[in-house]
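Undergrad: The file below is model_7.csv, CSV, C-alpha atoms and all ligand atoms:
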chain,number,residue,atom,x,y,z
A,1,MET,CA,39.0,33.9,10.3
A,2,SER,CA,40.6,32.7,7.1
A,3,ASP,CA,42.4,35.0,4.7
A,4,GLU,CA,40.2,33.7,1.8
A,5,PHE,CA,37.1,34.6,3.7
A,6,GLU,CA,38.3,38.1,4.4
A,7,LYS,CA,39.1,38.5,0.7
A,8,ASP,CA,35.6,37.5,-0.2
A,9,GLN,CA,34.3,40.0,2.3
A,10,ASP,CA,36.5,42.7,0.9
A,11,ARG,CA,35.3,42.1,-2.6
A,12,ASP,CA,31.7,42.1,-1.4
A,13,ARG,CA,32.3,45.5,0.1
A,14,GLY,CA,33.6,46.9,-3.2
A,15,ASN,CA,36.7,48.3,-1.5
A,16,GLY,CA,39.0,47.6,-4.4
A,17,VAL,CA,40.5,44.3,-3.2
A,18,GLY,CA,39.5,41.9,-6.0
A,19,VAL,CA,39.4,38.1,-6.3
A,20,VAL,CA,39.1,36.5,-9.7
A,21,SER,CA,36.5,33.8,-8.7
A,22,LYS,CA,34.7,32.6,-5.7
A,23,THR,CA,37.0,30.8,-3.2
A,24,ALA,CA,36.7,27.0,-3.7
A,25,PRO,CA,36.3,25.0,-0.5
A,26,LYS,CA,39.8,23.5,0.4
A,27,THR,CA,38.6,20.3,2.0
A,28,LYS,CA,36.4,17.4,0.7
A,29,ARG,CA,35.0,14.7,2.8
A,30,PRO,CA,36.5,11.3,1.8
A,31,SER,CA,34.4,8.7,0.1
A,32,LEU,CA,33.3,5.9,2.4
A,33,TYR,CA,33.3,2.2,1.7
A,34,LYS,CA,31.2,-0.7,3.1
A,35,VAL,CA,33.1,-3.8,4.0
A,36,LEU,CA,31.0,-6.8,3.2
A,37,LEU,CA,31.2,-10.4,4.4
A,38,LEU,CA,29.9,-13.2,2.2
A,39,ASN,CA,28.4,-16.5,3.4
A,40,ASP,CA,29.8,-19.9,2.6
A,41,ASP,CA,29.0,-23.4,3.8
A,42,TYR,CA,32.4,-24.2,5.4
A,43,THR,CA,33.8,-21.4,7.5
A,44,PRO,CA,33.0,-22.1,11.2
A,45,GLN,CA,30.5,-19.6,12.8
A,46,GLU,CA,32.9,-19.1,15.7
A,47,PHE,CA,35.7,-18.1,13.4
A,48,VAL,CA,33.5,-15.4,11.8
A,49,VAL,CA,32.4,-14.1,15.2
A,50,TRP,CA,36.1,-14.0,16.2
A,51,LEU,CA,37.0,-12.0,13.0
A,52,LEU,CA,34.3,-9.5,13.6
A,53,GLN,CA,35.5,-8.9,17.2
A,54,SER,CA,39.2,-8.8,16.4
A,55,ILE,CA,39.3,-7.0,13.1
A,56,PHE,CA,36.1,-4.9,13.2
A,57,LYS,CA,36.1,-4.3,17.0
A,58,LYS,CA,32.5,-5.5,17.5
A,59,GLU,CA,31.1,-6.4,20.9
A,60,SER,CA,30.3,-10.1,21.1
A,61,GLU,CA,26.5,-9.6,20.8
A,62,ASP,CA,27.0,-7.5,17.6
A,63,ALA,CA,29.5,-9.9,16.2
A,64,LEU,CA,27.0,-12.8,16.7
A,65,ARG,CA,24.2,-10.8,15.1
A,66,ILE,CA,26.2,-9.8,12.0
A,67,MET,CA,27.5,-13.4,11.6
A,68,MET,CA,23.9,-14.8,11.8
A,69,HIS,CA,22.7,-12.1,9.3
A,70,VAL,CA,25.4,-13.2,6.8
A,71,HIS,CA,24.6,-16.9,7.5
A,72,GLN,CA,20.9,-16.4,6.9
A,73,THR,CA,20.9,-13.8,4.0
A,74,GLY,CA,24.2,-14.6,2.2
A,75,ILE,CA,25.8,-11.2,2.8
A,76,GLY,CA,26.3,-8.6,5.5
A,77,MET,CA,28.1,-5.4,6.4
A,78,CYS,CA,31.0,-5.4,8.9
A,79,GLY,CA,31.5,-1.6,8.9
A,80,VAL,CA,32.0,1.6,6.9
A,81,TYR,CA,35.5,3.1,6.5
A,82,THR,CA,37.6,5.3,4.3
A,83,TYR,CA,39.3,3.6,1.3
A,84,GLU,CA,42.6,2.6,2.8
A,85,ILE,CA,41.1,1.4,6.1
A,86,ALA,CA,38.5,-0.7,4.3
A,87,GLU,CA,41.2,-2.1,2.0
A,88,THR,CA,43.3,-3.1,5.0
A,89,LYS,CA,40.4,-4.8,6.8
A,90,VAL,CA,39.5,-6.8,3.6
A,91,ALA,CA,43.1,-7.9,3.3
A,92,GLN,CA,43.3,-8.9,7.0
A,93,VAL,CA,40.1,-11.0,6.7
A,94,MET,CA,41.3,-12.7,3.5
A,95,GLU,CA,44.8,-13.4,5.0
A,96,LEU,CA,43.5,-14.8,8.3
A,97,SER,CA,40.9,-16.9,6.4
A,98,ARG,CA,43.6,-18.2,4.0
A,99,ARG,CA,46.0,-19.0,6.9
A,100,ASN,CA,43.2,-21.0,8.6
A,101,GLN,CA,42.2,-22.7,5.4
A,102,HIS,CA,38.7,-21.2,5.4
A,103,PRO,CA,37.0,-20.1,2.1
A,104,LEU,CA,35.6,-17.0,3.7
A,105,GLN,CA,35.2,-14.1,1.2
A,106,CYS,CA,35.2,-10.4,2.0
A,107,SER,CA,34.8,-7.4,-0.3
A,108,MET,CA,34.3,-3.6,-0.3
A,109,GLU,CA,31.8,-1.4,-2.0
A,110,ARG,CA,31.6,2.4,-2.3
A,111,GLU,CA,28.7,3.7,-0.1
B,1,LIG,N1,27.5,-20.6,6.9
B,1,LIG,C1,28.6,-20.9,7.8
B,1,LIG,C2,28.3,-22.1,8.6
B,1,LIG,O1,27.2,-22.5,8.8
B,1,LIG,C3,28.9,-19.7,8.8
B,1,LIG,C4,29.3,-18.5,8.1
B,1,LIG,C5,28.8,-17.2,8.5
B,1,LIG,C6,30.3,-18.5,7.1
B,1,LIG,C7,29.2,-16.0,7.9
B,1,LIG,C8,30.7,-17.3,6.5
B,1,LIG,O2,30.5,-14.9,6.3
B,1,LIG,C9,30.1,-16.1,6.9
B,1,LIG,N2,29.4,-22.7,9.2
Translate the structure described by the file into structure tokens.

TA:
Amino acid sequence: MSDEFEKDQDRDRGNGVGVVSKTAPKTKRPSLYKVLLLNDDYTPQEFVVWLLQSIFKKESEDALRIMMHVHQTGIGMCGVYTYEIAETKVAQVMELSRRNQHPLQCSMERE
């Protein structure tokens, strides 16, 4: 049991052990970010499927489904991550696309 919790309990019992204000929670859940892939007319479908498998660890069936969703609707989600992981994945997609001379675009958005 935490010291803070015991202090709150002591105050509640009116036993003379005071706390100034209610104990604030010490942890906050991190914000999550969606990583989004955008369609274009030039990046090969196989390259997008390969990125989804290698960077986003998707099974081949899921990778194909996500790629086709982006191809047909213009945008799609590759995954949801904390800020730094999402940022790293976006940078990896952009760098691999650039190195392979594909115009593929990837972005992130707070959930
Ligand atoms: N539209 C591309 C093609 O027909 C395939 C593609 C899919 C490109 C998804 C980008 O994010 C993308 N070759």

Undergrad: Taking all atoms listed in the file into account, which of A:Pro103, A:Val93, A:Glu109, A:Val80 comes nearest Leu52 (chain A)?

TA: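 Checking each of A:Pro103, A:Val93, A:Glu109, A:Val80 against Leu52 (chain A), counting all atoms listed in the file, the winner is A:Val93.
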
Undergrad: From the list A:Met68, A:Leu36, A:Ala24, A:Met77, which residue is nearest Met108 (chain A) when using only C-alpha atoms?

TA: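 Using only C-alpha atoms, Met108 (chain A) sits closest to A:Leu36.
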
Undergrad: In terms of the shortest atom-to-atom distance over all atoms listed in the file, which of A:Met94, A:Cys106, A:Lys89, A:Thr23 is closest to ligand LIG 1 (chain B)?

TA: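 Once distances to ligand LIG 1 (chain B) are computed over all atoms listed in the file, the minimum belongs to A:Cys106.
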
Undergrad: For Ser31 (chain A), which of A:Gln72, A:Leu96, A:Ile85, A:Ser107 is the closest residue, counting all atoms listed in the file?

TA: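 Checking each candidate against Ser31 (chain A), we get A:Ile85 as the closest.
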
Undergrad: Ligand LIG 1 (chain B): which residues are within 6 Å, counting all atoms listed in the file, as an MDAnalysis selection string?

TA: chainID A and resid 37:45 48 67 70:71 104

Undergrad: What box, with edges along x, y and z, holds each listed atom of region 85-90 of chain A when 5 Å is added on every side, and can you state its centre and edge lengths in Å to one decimal, as JSON?

TA:
{"center_x": 40.9, "center_y": -2.7, "center_z": 4.4, "size_x": 14.8, "size_y": 18.2, "size_z": 14.8}

Undergrad: Between CA of Thr88 (chain A) and CA of Lys34 (chain A), what distance in Å does the model show, to one decimal?

TA: 12.5 Å

Undergrad: Within 10 Å of Lys57 (chain A), counting all atoms listed in the file, which residues show up once you throw out same-chain ones fewer than 6 positions away? Write them as a PyMOL selection string, please.

TA: chain A and resi 50-51+63+78-79

Undergrad: What separation in Å, quoted to one decimal, exists between CA of Arg110 (chain A) and CA of Gly76 (chain A)?

TA: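 According to the coordinates, CA of Arg110 (chain A) and CA of Gly76 (chain A) are separated by 14.5 Å.
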
Undergrad: Grab the CA of Leu64 (chain A) to CA of Val49 (chain A) distance for me, in Å with one decimal place.

TA: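 So the two atoms, CA of Leu64 (chain A) and CA of Val49 (chain A), lie 5.8 Å apart.
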
Undergrad: From the list A:Glu95, A:Gln105, A:Asn100, A:Gly74, which residue is nearest Phe47 (chain A) when using all atoms listed in the file?

TA: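 Selected residue with least distance to Phe47 (chain A): A:Asn100.
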
Undergrad: Please rebuild region 49-60 of chain A with all heavy atoms and return the result as a CSV table (one decimal), in the frame of the given file.

TA:
chain,number,residue,atom,x,y,z
A,49,VAL,N,32.7,-14.9,14.0
A,49,VAL,CA,32.4,-14.1,15.2
A,49,VAL,C,33.8,-13.5,15.7
A,49,VAL,O,33.9,-12.3,16.0
A,49,VAL,CB,31.7,-14.9,16.3
A,49,VAL,CG1,31.6,-14.1,17.6
A,49,VAL,CG2,30.3,-15.2,15.8
A,50,TRP,N,34.8,-14.4,15.7
A,50,TRP,CA,36.1,-14.0,16.2
A,50,TRP,C,36.7,-12.9,15.3
A,50,TRP,O,37.2,-11.9,15.8
A,50,TRP,CB,37.0,-15.2,16.3
A,50,TRP,CG,38.4,-14.8,16.6
A,50,TRP,CD1,38.9,-14.4,17.9
A,50,TRP,CD2,39.5,-14.7,15.7
A,50,TRP,NE1,40.3,-14.1,17.8
A,50,TRP,CE2,40.6,-14.3,16.5
A,50,TRP,CE3,39.7,-14.9,14.4
A,50,TRP,CZ2,41.9,-14.0,15.9
A,50,TRP,CZ3,40.9,-14.7,13.8
A,50,TRP,CH2,42.0,-14.3,14.5
A,51,LEU,N,36.6,-13.0,14.0
A,51,LEU,CA,37.0,-12.0,13.0
A,51,LEU,C,36.3,-10.7,13.3
A,51,LEU,O,37.0,-9.6,13.3
A,51,LEU,CB,36.8,-12.4,11.6
A,51,LEU,CG,37.7,-13.4,10.9
A,51,LEU,CD1,37.2,-13.5,9.4
A,51,LEU,CD2,39.1,-12.9,10.9
A,52,LEU,N,35.0,-10.7,13.5
A,52,LEU,CA,34.3,-9.5,13.6
A,52,LEU,C,34.7,-8.8,14.9
A,52,LEU,O,34.7,-7.5,15.0
A,52,LEU,CB,32.8,-9.8,13.7
A,52,LEU,CG,32.2,-10.2,12.3
A,52,LEU,CD1,30.8,-10.9,12.4
A,52,LEU,CD2,32.0,-8.9,11.4
A,53,GLN,N,35.1,-9.5,15.9
A,53,GLN,CA,35.5,-8.9,17.2
A,53,GLN,C,36.9,-8.4,17.1
A,53,GLN,O,37.2,-7.3,17.5
A,53,GLN,CB,35.4,-10.0,18.3
A,53,GLN,CG,34.0,-10.3,18.7
A,53,GLN,CD,34.0,-11.3,19.9
A,53,GLN,OE1,33.9,-12.5,19.8
A,53,GLN,NE2,34.1,-10.7,21.1
A,54,SER,N,37.8,-9.2,16.4
A,54,SER,CA,39.2,-8.8,16.4
A,54,SER,C,39.6,-7.8,15.3
A,54,SER,O,40.3,-6.8,15.6
A,54,SER,CB,40.1,-10.0,16.4
A,54,SER,OG,39.7,-10.9,15.3
A,55,ILE,N,39.0,-7.9,14.1
A,55,ILE,CA,39.3,-7.0,13.1
A,55,ILE,C,38.4,-5.7,13.1
A,55,ILE,O,38.8,-4.6,12.8
A,55,ILE,CB,39.3,-7.7,11.7
A,55,ILE,CG1,40.3,-8.8,11.7
A,55,ILE,CG2,39.5,-6.7,10.5
A,55,ILE,CD1,40.3,-9.6,10.4
A,56,PHE,N,37.1,-6.0,13.3
A,56,PHE,CA,36.1,-4.9,13.2
A,56,PHE,C,35.7,-4.4,14.6
A,56,PHE,O,34.8,-3.5,14.6
A,56,PHE,CB,34.9,-5.4,12.4
A,56,PHE,CG,35.3,-5.8,11.0
A,56,PHE,CD1,35.5,-7.1,10.7
A,56,PHE,CD2,35.4,-4.8,10.0
A,56,PHE,CE1,35.9,-7.5,9.4
A,56,PHE,CE2,35.8,-5.2,8.7
A,56,PHE,CZ,36.0,-6.5,8.4
A,57,LYS,N,36.3,-4.8,15.6
A,57,LYS,CA,36.1,-4.3,17.0
A,57,LYS,C,34.6,-4.3,17.4
A,57,LYS,O,34.2,-3.4,18.1
A,57,LYS,CB,36.7,-2.9,17.1
A,57,LYS,CG,38.1,-2.7,16.6
A,57,LYS,CD,39.1,-3.6,17.3
A,57,LYS,CE,40.5,-3.6,16.7
A,57,LYS,NZ,41.3,-4.8,17.1
A,58,LYS,N,33.9,-5.4,17.1
A,58,LYS,CA,32.5,-5.5,17.5
A,58,LYS,C,32.4,-6.2,18.8
A,58,LYS,O,33.2,-7.1,19.2
A,58,LYS,CB,31.8,-6.4,16.4
A,58,LYS,CG,31.8,-5.9,15.0
A,58,LYS,CD,31.1,-4.5,14.9
A,58,LYS,CE,31.0,-4.1,13.4
A,58,LYS,NZ,30.6,-2.7,13.3
A,59,GLU,N,31.4,-5.7,19.6
A,59,GLU,CA,31.1,-6.4,20.9
A,59,GLU,C,30.6,-7.8,20.5
A,59,GLU,O,30.0,-8.0,19.4
A,59,GLU,CB,30.0,-5.6,21.6
A,59,GLU,CG,30.4,-4.2,22.0
A,59,GLU,CD,31.3,-4.2,23.2
A,59,GLU,OE1,31.7,-5.2,23.7
A,59,GLU,OE2,31.8,-3.1,23.6
A,60,SER,N,30.7,-8.8,21.4
A,60,SER,CA,30.3,-10.1,21.1
A,60,SER,C,28.9,-10.3,20.6
A,60,SER,O,28.6,-11.1,19.7
A,60,SER,CB,30.6,-11.1,22.3
A,60,SER,OG,29.9,-10.6,23.4
